[in-house]
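See below for the structure under consideration.
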Amino acid sequence: MKKNLTTVVAAVVAVLSLAACGSDSDSSNSSSTNSGSDSYKIAVAQTVTHSSLDASIAGFKQAIADAGLDVSYDDENANNDQTIIASIAGTIAAGDYDLVLGVATPMAQGLAQTVANIPVLFTAVTDPVGAGLVDSLDAPGANITGTTDANPVEEQINLVLDLVPDAKTIGVVYNPGEANSVVQVEWVKEAAEKLGLEVKEANAVTTAEVQQAANSLDVDAIYVPTDNTVVSALDSVIQVGESKKIPVIAAEGDSVANGAVATYGLSYEALGYQTGEMAVKILTEGADPATMAVETQKEPVLYLNLGAAERMGVTIPQDLIDQADPADITQ
C-alpha cells in the first residue's frame, strides 16, 4: 500500500469535494480482472468522457486482464473541470493505490504535480515533454511515463488534397487552453505550408462554443485535432461539415467512425493496451517508470467513412479506399 503523506491534508479536502462531483470511485463501481496470486489496486482518472479516451481505458484494462492480474479499479472523471482534476489528484495521492493511470494531458499534469510516490502512467498525451510530464521521451526521469498519441499530422493534412485537389484553405477548431492542441496546430501549420494551404483557426474554450467556432470557418476542409473539448462536441463539427459541404478530417480513428471523413490515425484502444502492458511490467517485474521510454503506436492506420464523405459532398478516391483495411472503413 502506498500513501503520499505530504498530501494527506489536501486530500481530505479533495475527498469532500469529490463527494459532490460525480466520482465513480465507490466500491460498488469498482471492477476486477481474473484472479492471480497478488492483488492490485489501480486508480484510472480521465480528463473528460469521449469515445477515444473511453477506448484507451478499455484497452488498458484489457491488457491487464489478458495478463491475468487480480486488479480492482477506482474510476474518476473530471468532466473537463480543472478544479476537479486537482481534487482527484489529491484523493489519489492519499489513497492506497499501486498505480494510477492519467488519461489525456490535463489529468496527467494534475497527477504529475501531486502524486509522487507511486507509479503514474499516462495515455492520450500528445506532447509529454512540452507538457512537463517527462524529462525526455527516452528517459522520463521520475515516477511517470506512458504512451503518446502524437499523430502523423503531415500525412493527415495530405488527405485534404486527396479529397479536395484544388483546396486552398484548411480550418482548425481547437481549445487554445489545451497544450496538446496548441502543439498540434503548429504541426498543422508546418504541414499546410508544405502543401501551399492557408490555415484558418477557430477557438472553442468550451464544448458549447465548438459549433459556432466551426461555423465561422470559410474553408475548403476542416481539421479536428485530438482536442478533448472539440472531440467531446464532435457532432457539432460534423453538422457544420455536412450542412456546408466541407470535408472534416480527424486526427484519430474513433472520430472517423463517428462522422469525420478520413484520417491516418491511431487506435486509442491499441494505445491503451500498450499502456496496460507497461502497467503489467511495473506491477509484476518492478519496472521503473523513470527509465521506461514513452511509447507511441508504431503504425498509423488509414480510417475512412464513406457515408460521411457523401454527406459532406466529396468522393474518396478508389485507390485510397483500396489502401484501407475493410475493417477500418465505415459505410
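By order of appearance in the C-alpha cells: chains A, B, ..., then residues from 1 within every chain, and ligands from 1 in the order shown.
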Which parts of segment 199-286 of chain A does DSSP call strand (DSSP E or B) when run on the backbone here, written out as a PDB file with all heavy atoms, in the first residue's frame?
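Generated output (selection.pdb):
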ATOM      1  N   VAL A 199      -3.935  28.157 -43.371  1.00  0.00           N
ATOM      2  CA  VAL A 199      -4.607  27.643 -42.175  1.00  0.00           C
ATOM      3  C   VAL A 199      -5.409  28.767 -41.511  1.00  0.00           C
ATOM      4  O   VAL A 199      -4.881  29.850 -41.260  1.00  0.00           O
ATOM      5  CB  VAL A 199      -3.586  27.086 -41.165  1.00  0.00           C
ATOM      6  CG1 VAL A 199      -4.302  26.623 -39.889  1.00  0.00           C
ATOM      7  CG2 VAL A 199      -2.811  25.932 -41.781  1.00  0.00           C
ATOM      8  N   LYS A 200      -6.677  28.491 -41.259  1.00  0.00           N
ATOM      9  CA  LYS A 200      -7.535  29.430 -40.530  1.00  0.00           C
ATOM     10  C   LYS A 200      -7.942  28.767 -39.210  1.00  0.00           C
ATOM     11  O   LYS A 200      -8.401  27.631 -39.208  1.00  0.00           O
ATOM     12  CB  LYS A 200      -8.774  29.796 -41.349  1.00  0.00           C
ATOM     13  CG  LYS A 200      -8.439  30.540 -42.649  1.00  0.00           C
ATOM     14  CD  LYS A 200      -9.706  30.975 -43.365  1.00  0.00           C
ATOM     15  CE  LYS A 200      -9.373  31.767 -44.633  1.00  0.00           C
ATOM     16  NZ  LYS A 200     -10.593  32.238 -45.342  1.00  0.00           N
ATOM     17  N   GLU A 201      -7.768  29.489 -38.106  1.00  0.00           N
ATOM     18  CA  GLU A 201      -8.031  28.932 -36.782  1.00  0.00           C
ATOM     19  C   GLU A 201      -9.375  29.418 -36.242  1.00  0.00           C
ATOM     20  O   GLU A 201      -9.789  30.547 -36.490  1.00  0.00           O
ATOM     21  CB  GLU A 201      -6.921  29.352 -35.810  1.00  0.00           C
ATOM     22  CG  GLU A 201      -5.537  28.933 -36.255  1.00  0.00           C
ATOM     23  CD  GLU A 201      -4.447  29.469 -35.333  1.00  0.00           C
ATOM     24  OE1 GLU A 201      -4.725  29.651 -34.130  1.00  0.00           O
ATOM     25  OE2 GLU A 201      -3.331  29.734 -35.820  1.00  0.00           O
ATOM     26  N   ALA A 202     -10.025  28.541 -35.480  1.00  0.00           N
ATOM     27  CA  ALA A 202     -11.260  28.899 -34.780  1.00  0.00           C
ATOM     28  C   ALA A 202     -11.180  28.303 -33.375  1.00  0.00           C
ATOM     29  O   ALA A 202     -11.020  27.093 -33.225  1.00  0.00           O
ATOM     30  CB  ALA A 202     -12.479  28.371 -35.520  1.00  0.00           C
ATOM     31  N   ASN A 203     -11.261  29.158 -32.359  1.00  0.00           N
ATOM     32  CA  ASN A 203     -11.088  28.713 -30.982  1.00  0.00           C
ATOM     33  C   ASN A 203     -12.421  28.393 -30.314  1.00  0.00           C
ATOM     34  O   ASN A 203     -13.417  29.076 -30.524  1.00  0.00           O
ATOM     35  CB  ASN A 203     -10.373  29.789 -30.163  1.00  0.00           C
ATOM     36  CG  ASN A 203      -8.948  30.014 -30.649  1.00  0.00           C
ATOM     37  OD1 ASN A 203      -8.379  29.161 -31.334  1.00  0.00           O
ATOM     38  ND2 ASN A 203      -8.372  31.146 -30.307  1.00  0.00           N
ATOM     39  N   ILE A 222     -11.947  21.047 -42.937  1.00  0.00           N
ATOM     40  CA  ILE A 222     -11.786  21.309 -41.500  1.00  0.00           C
ATOM     41  C   ILE A 222     -10.987  20.161 -40.893  1.00  0.00           C
ATOM     42  O   ILE A 222     -11.259  18.980 -41.173  1.00  0.00           O
ATOM     43  CB  ILE A 222     -13.153  21.425 -40.789  1.00  0.00           C
ATOM     44  CG1 ILE A 222     -13.924  22.646 -41.310  1.00  0.00           C
ATOM     45  CG2 ILE A 222     -12.973  21.525 -39.265  1.00  0.00           C
ATOM     46  CD1 ILE A 222     -15.340  22.751 -40.751  1.00  0.00           C
ATOM     47  N   TYR A 223     -10.011  20.516 -40.056  1.00  0.00           N
ATOM     48  CA  TYR A 223      -9.211  19.513 -39.358  1.00  0.00           C
ATOM     49  C   TYR A 223      -9.535  19.568 -37.872  1.00  0.00           C
ATOM     50  O   TYR A 223      -9.544  20.643 -37.259  1.00  0.00           O
ATOM     51  CB  TYR A 223      -7.720  19.779 -39.571  1.00  0.00           C
ATOM     52  CG  TYR A 223      -6.804  18.830 -38.830  1.00  0.00           C
ATOM     53  CD1 TYR A 223      -6.611  17.528 -39.289  1.00  0.00           C
ATOM     54  CD2 TYR A 223      -6.145  19.224 -37.668  1.00  0.00           C
ATOM     55  CE1 TYR A 223      -5.773  16.649 -38.616  1.00  0.00           C
ATOM     56  CE2 TYR A 223      -5.302  18.352 -36.986  1.00  0.00           C
ATOM     57  CZ  TYR A 223      -5.116  17.064 -37.467  1.00  0.00           C
ATOM     58  OH  TYR A 223      -4.288  16.199 -36.795  1.00  0.00           O
ATOM     59  N   VAL A 224      -9.793  18.395 -37.288  1.00  0.00           N
ATOM     60  CA  VAL A 224     -10.074  18.288 -35.859  1.00  0.00           C
ATOM     61  C   VAL A 224      -8.919  17.558 -35.183  1.00  0.00           C
ATOM     62  O   VAL A 224      -8.737  16.356 -35.387  1.00  0.00           O
ATOM     63  CB  VAL A 224     -11.388  17.517 -35.604  1.00  0.00           C
ATOM     64  CG1 VAL A 224     -11.627  17.360 -34.101  1.00  0.00           C
ATOM     65  CG2 VAL A 224     -12.563  18.244 -36.241  1.00  0.00           C
ATOM     66  N   VAL A 248     -14.553  17.000 -43.213  1.00  0.00           N
ATOM     67  CA  VAL A 248     -13.911  17.076 -41.902  1.00  0.00           C
ATOM     68  C   VAL A 248     -12.879  15.957 -41.807  1.00  0.00           C
ATOM     69  O   VAL A 248     -13.213  14.774 -41.925  1.00  0.00           O
ATOM     70  CB  VAL A 248     -14.942  16.944 -40.758  1.00  0.00           C
ATOM     71  CG1 VAL A 248     -14.227  16.933 -39.407  1.00  0.00           C
ATOM     72  CG2 VAL A 248     -15.952  18.084 -40.830  1.00  0.00           C
ATOM     73  N   ILE A 249     -11.628  16.343 -41.611  1.00  0.00           N
ATOM     74  CA  ILE A 249     -10.535  15.392 -41.431  1.00  0.00           C
ATOM     75  C   ILE A 249     -10.243  15.308 -39.940  1.00  0.00           C
ATOM     76  O   ILE A 249     -10.083  16.336 -39.268  1.00  0.00           O
ATOM     77  CB  ILE A 249      -9.261  15.849 -42.175  1.00  0.00           C
ATOM     78  CG1 ILE A 249      -9.579  16.164 -43.645  1.00  0.00           C
ATOM     79  CG2 ILE A 249      -8.169  14.792 -42.058  1.00  0.00           C
ATOM     80  CD1 ILE A 249     -10.097  14.994 -44.421  1.00  0.00           C
ATOM     81  N   ALA A 250     -10.165  14.114 -39.421  1.00  0.00           N
ATOM     82  CA  ALA A 250      -9.939  13.945 -37.985  1.00  0.00           C
ATOM     83  C   ALA A 250      -8.489  13.543 -37.719  1.00  0.00           C
ATOM     84  O   ALA A 250      -7.717  13.274 -38.646  1.00  0.00           O
ATOM     85  CB  ALA A 250     -10.881  12.889 -37.426  1.00  0.00           C
ATOM     86  N   GLU A 252      -7.858  11.047 -35.388  1.00  0.00           N
ATOM     87  CA  GLU A 252      -7.841   9.672 -34.895  1.00  0.00           C
ATOM     88  C   GLU A 252      -9.069   8.911 -35.389  1.00  0.00           C
ATOM     89  O   GLU A 252     -10.060   9.505 -35.812  1.00  0.00           O
ATOM     90  CB  GLU A 252      -7.726   9.630 -33.361  1.00  0.00           C
ATOM     91  CG  GLU A 252      -8.527  10.667 -32.614  1.00  0.00           C
ATOM     92  CD  GLU A 252      -9.972  10.318 -32.502  1.00  0.00           C
ATOM     93  OE1 GLU A 252     -10.261   9.107 -32.421  1.00  0.00           O
ATOM     94  OE2 GLU A 252     -10.819  11.224 -32.504  1.00  0.00           O
ATOM     95  N   ALA A 262     -12.031  11.053 -42.888  1.00  0.00           N
ATOM     96  CA  ALA A 262     -10.833  10.220 -43.032  1.00  0.00           C
ATOM     97  C   ALA A 262      -9.741  10.649 -42.069  1.00  0.00           C
ATOM     98  O   ALA A 262      -9.753  11.761 -41.544  1.00  0.00           O
ATOM     99  CB  ALA A 262     -10.298  10.322 -44.466  1.00  0.00           C
ATOM    100  N   THR A 263      -8.794   9.753 -41.852  1.00  0.00           N
ATOM    101  CA  THR A 263      -7.564  10.090 -41.163  1.00  0.00           C
ATOM    102  C   THR A 263      -6.544   8.971 -41.326  1.00  0.00           C
ATOM    103  O   THR A 263      -6.910   7.820 -41.598  1.00  0.00           O
ATOM    104  CB  THR A 263      -7.790  10.334 -39.656  1.00  0.00           C
ATOM    105  OG1 THR A 263      -6.604  10.933 -39.104  1.00  0.00           O
ATOM    106  CG2 THR A 263      -8.053   9.036 -38.898  1.00  0.00           C
ATOM    107  N   TYR A 264      -5.305   9.339 -41.203  1.00  0.00           N
ATOM    108  CA  TYR A 264      -4.275   8.376 -40.849  1.00  0.00           C
ATOM    109  C   TYR A 264      -4.120   8.530 -39.348  1.00  0.00           C
ATOM    110  O   TYR A 264      -3.602   9.534 -38.866  1.00  0.00           O
ATOM    111  CB  TYR A 264      -2.947   8.691 -41.541  1.00  0.00           C
ATOM    112  CG  TYR A 264      -2.878   8.246 -42.980  1.00  0.00           C
ATOM    113  CD1 TYR A 264      -2.946   9.167 -44.010  1.00  0.00           C
ATOM    114  CD2 TYR A 264      -2.739   6.897 -43.299  1.00  0.00           C
ATOM    115  CE1 TYR A 264      -2.871   8.764 -45.341  1.00  0.00           C
ATOM    116  CE2 TYR A 264      -2.674   6.483 -44.622  1.00  0.00           C
ATOM    117  CZ  TYR A 264      -2.737   7.417 -45.634  1.00  0.00           C
ATOM    118  OH  TYR A 264      -2.674   7.003 -46.943  1.00  0.00           O
ATOM    119  N   GLY A 265      -4.602   7.607 -38.594  1.00  0.00           N
ATOM    120  CA  GLY A 265      -4.647   7.860 -37.171  1.00  0.00           C
ATOM    121  C   GLY A 265      -4.322   6.666 -36.321  1.00  0.00           C
ATOM    122  O   GLY A 265      -3.972   5.587 -36.796  1.00  0.00           O
ATOM    123  N   LEU A 266      -4.476   6.920 -35.043  1.00  0.00           N
ATOM    124  CA  LEU A 266      -4.190   5.917 -34.045  1.00  0.00           C
ATOM    125  C   LEU A 266      -5.451   5.166 -33.673  1.00  0.00           C
ATOM    126  O   LEU A 266      -6.554   5.661 -33.824  1.00  0.00           O
ATOM    127  CB  LEU A 266      -3.639   6.587 -32.789  1.00  0.00           C
ATOM    128  CG  LEU A 266      -2.440   7.512 -32.959  1.00  0.00           C
ATOM    129  CD1 LEU A 266      -2.105   8.153 -31.629  1.00  0.00           C
ATOM    130  CD2 LEU A 266      -1.249   6.746 -33.505  1.00  0.00           C
TER     131      LEU A 266
END
Check your understanding: Can you list, as a list in words, every residue of segment 153-191 of chain A that DSSP puts in helix (DSSP H, G or I)?
Key -> Val153, Glu154, Glu155, Gln156, Ile157, Asn158, Leu159, Val160, Leu161, Asp162, Leu163, Ala179, Asn180, Ser181, Val182, Val183, Gln184, Val185, Glu186, Trp187, Val188, Lys189, Glu190 and Ala191 of chain A
Point to revise | Selection: 12 Å around Gln184 of chain A, only C-alpha atoms, excl. self and same-chain fewer than 6 positions, as a ChimeraX atom specification | key: /A:125-127,130,149-154,156-157,172-176,178,190-191,201,223-227,251
Applying 9 Å and only C-alpha atoms, which residues near Lys61 of chain A remain after dropping the ones on its own chain fewer than 5 positions away? List them as an mmCIF file with N, CA, C and O atoms, in the first residue's frame.
data_model
loop_
_atom_site.group_PDB
_atom_site.id
_atom_site.type_symbol
_atom_site.label_atom_id
_atom_site.label_comp_id
_atom_site.auth_asym_id
_atom_site.auth_seq_id
_atom_site.Cartn_x
_atom_site.Cartn_y
_atom_site.Cartn_z
ATOM 1 N N THR A 33 -10.243 -7.907 -12.517
ATOM 2 C CA THR A 33 -9.900 -8.822 -13.585
ATOM 3 C C THR A 33 -9.826 -10.230 -13.023
ATOM 4 O O THR A 33 -10.227 -10.488 -11.901
ATOM 5 N N SER A 56 -9.288 4.086 -24.896
ATOM 6 C CA SER A 56 -7.946 3.882 -24.334
ATOM 7 C C SER A 56 -8.026 3.193 -22.976
ATOM 8 O O SER A 56 -7.198 2.338 -22.655
ATOM 9 N N ASP A 66 -5.726 -9.587 -19.744
ATOM 10 C CA ASP A 66 -5.049 -10.624 -20.523
ATOM 11 C C ASP A 66 -3.819 -11.159 -19.793
ATOM 12 O O ASP A 66 -3.410 -12.311 -20.010
ATOM 13 N N GLY A 272 -4.094 2.307 -25.561
ATOM 14 C CA GLY A 272 -4.368 1.990 -24.165
ATOM 15 C C GLY A 272 -3.867 0.610 -23.794
ATOM 16 O O GLY A 272 -3.383 0.389 -22.674
ATOM 17 N N TYR A 273 -3.976 -0.321 -24.745
ATOM 18 C CA TYR A 273 -3.486 -1.683 -24.487
ATOM 19 C C TYR A 273 -1.975 -1.658 -24.237
ATOM 20 O O TYR A 273 -1.483 -2.314 -23.313
ATOM 21 N N GLY A 276 -1.403 -0.528 -20.832
ATOM 22 C CA GLY A 276 -1.681 -1.603 -19.882
ATOM 23 C C GLY A 276 -0.532 -2.587 -19.777
ATOM 24 O O GLY A 276 -0.219 -3.084 -18.693
#
Check your understanding: Quick one, how far is atom CA of Thr275 of chain A from atom CA of Asp96 of chain A?
Key -> 20.9 Å
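Among the candidates A:Ile170, A:Ala78, A:Val294, A:Leu195, the residue lying nearest to Thr147 of chain A is A:Val294 (atoms considered: only C-alpha atoms).
Across the structure, atom CA of Ile144 of chain A and atom CA of Tyr97 of chain A are spaced 14.6 Å apart.
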Practice item. Name all residues at most 9 Å from segment 98-113 of chain A (count only C-alpha atoms; drop same-chain ones fewer than 2 positions away) and give them as a PyMOL selection string. Key: chain A and resi 1-2+40-48+53+56-57+60+78+80+82+85-86+88-90+92-93+96+115-116+118-128+131-133+143-144+146+178-180+228+275+279+282-283
Would you put the residues from that selection into a file with C-alpha atoms, as a short mmCIF file (atom, residue, chain, number, x, y, z; two decimals), in the first residue's frame?
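Resulting contents of selection26.cif:
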data_model
loop_
_atom_site.label_atom_id
_atom_site.label_comp_id
_atom_site.auth_asym_id
_atom_site.auth_seq_id
_atom_site.Cartn_x
_atom_site.Cartn_y
_atom_site.Cartn_z
CA MET A 1 0.00 0.00 0.00
CA LYS A 2 1.36 3.40 -0.89
CA TYR A 40 -3.50 -4.71 -7.01
CA LYS A 41 -5.50 -1.51 -6.79
CA ILE A 42 -5.34 0.96 -9.68
CA ALA A 43 -6.88 4.40 -10.00
CA VAL A 44 -7.97 5.40 -13.50
CA ALA A 45 -8.51 9.13 -13.88
CA GLN A 46 -9.67 10.68 -17.14
CA THR A 47 -9.98 14.33 -18.09
CA VAL A 48 -13.34 14.06 -19.80
CA LEU A 53 -10.47 8.28 -24.14
CA SER A 56 -7.95 3.88 -24.33
CA ILE A 57 -9.19 2.91 -20.88
CA PHE A 60 -5.63 -0.55 -20.75
CA ALA A 78 -13.05 15.32 -14.05
CA ASN A 80 -13.10 18.72 -18.17
CA GLN A 82 -9.60 21.85 -13.75
CA ILE A 85 -8.70 17.43 -11.66
CA ALA A 86 -6.87 18.86 -8.64
CA ILE A 88 -9.00 13.83 -7.95
CA ALA A 89 -5.19 14.04 -7.91
CA GLY A 90 -5.19 14.86 -4.20
CA ILE A 92 -5.40 9.52 -5.35
CA ALA A 93 -2.19 10.76 -3.71
CA ASP A 96 -3.79 3.08 -1.13
CA VAL A 115 1.30 12.03 -6.89
CA ALA A 116 4.95 11.47 -6.00
CA ILE A 118 3.54 5.56 -6.72
CA PRO A 119 3.98 4.89 -10.44
CA VAL A 120 1.94 7.14 -12.71
CA LEU A 121 1.16 6.13 -16.28
CA PHE A 122 -0.42 8.40 -18.86
CA THR A 123 -2.04 7.85 -22.23
CA ALA A 124 -3.61 10.10 -24.86
CA VAL A 125 -0.96 12.76 -24.25
CA THR A 126 0.36 14.41 -27.41
CA ASP A 127 3.50 16.17 -26.17
CA PRO A 128 4.70 14.69 -22.85
CA ALA A 131 3.54 19.30 -21.05
CA GLY A 132 6.27 18.95 -18.43
CA LEU A 133 5.47 15.32 -17.67
CA ASN A 143 7.73 8.18 -11.37
CA ILE A 144 5.74 8.93 -14.54
CA GLY A 146 3.26 6.27 -20.59
CA GLU A 178 -5.18 22.62 -24.18
CA ALA A 179 -1.40 22.30 -24.52
CA ASN A 180 -1.72 19.20 -26.69
CA ASN A 228 -10.71 16.99 -25.74
CA THR A 275 -0.14 1.34 -21.68
CA ALA A 279 1.48 -1.33 -16.14
CA ILE A 282 5.68 -2.20 -13.39
CA LEU A 283 3.42 -4.29 -11.17
#
Point to revise | Which of A:Pro300, A:Pro289, A:Gly177, A:Pro317 sits closest to Ala139 of chain A [using only C-alpha atoms] | key: A:Pro289
Check your understanding: For Thr114 of chain A, which residue out of A:Ser51, A:Thr91, A:Ser136, A:Thr206 is the nearest one, using only C-alpha atoms?
Key -> A:Thr91
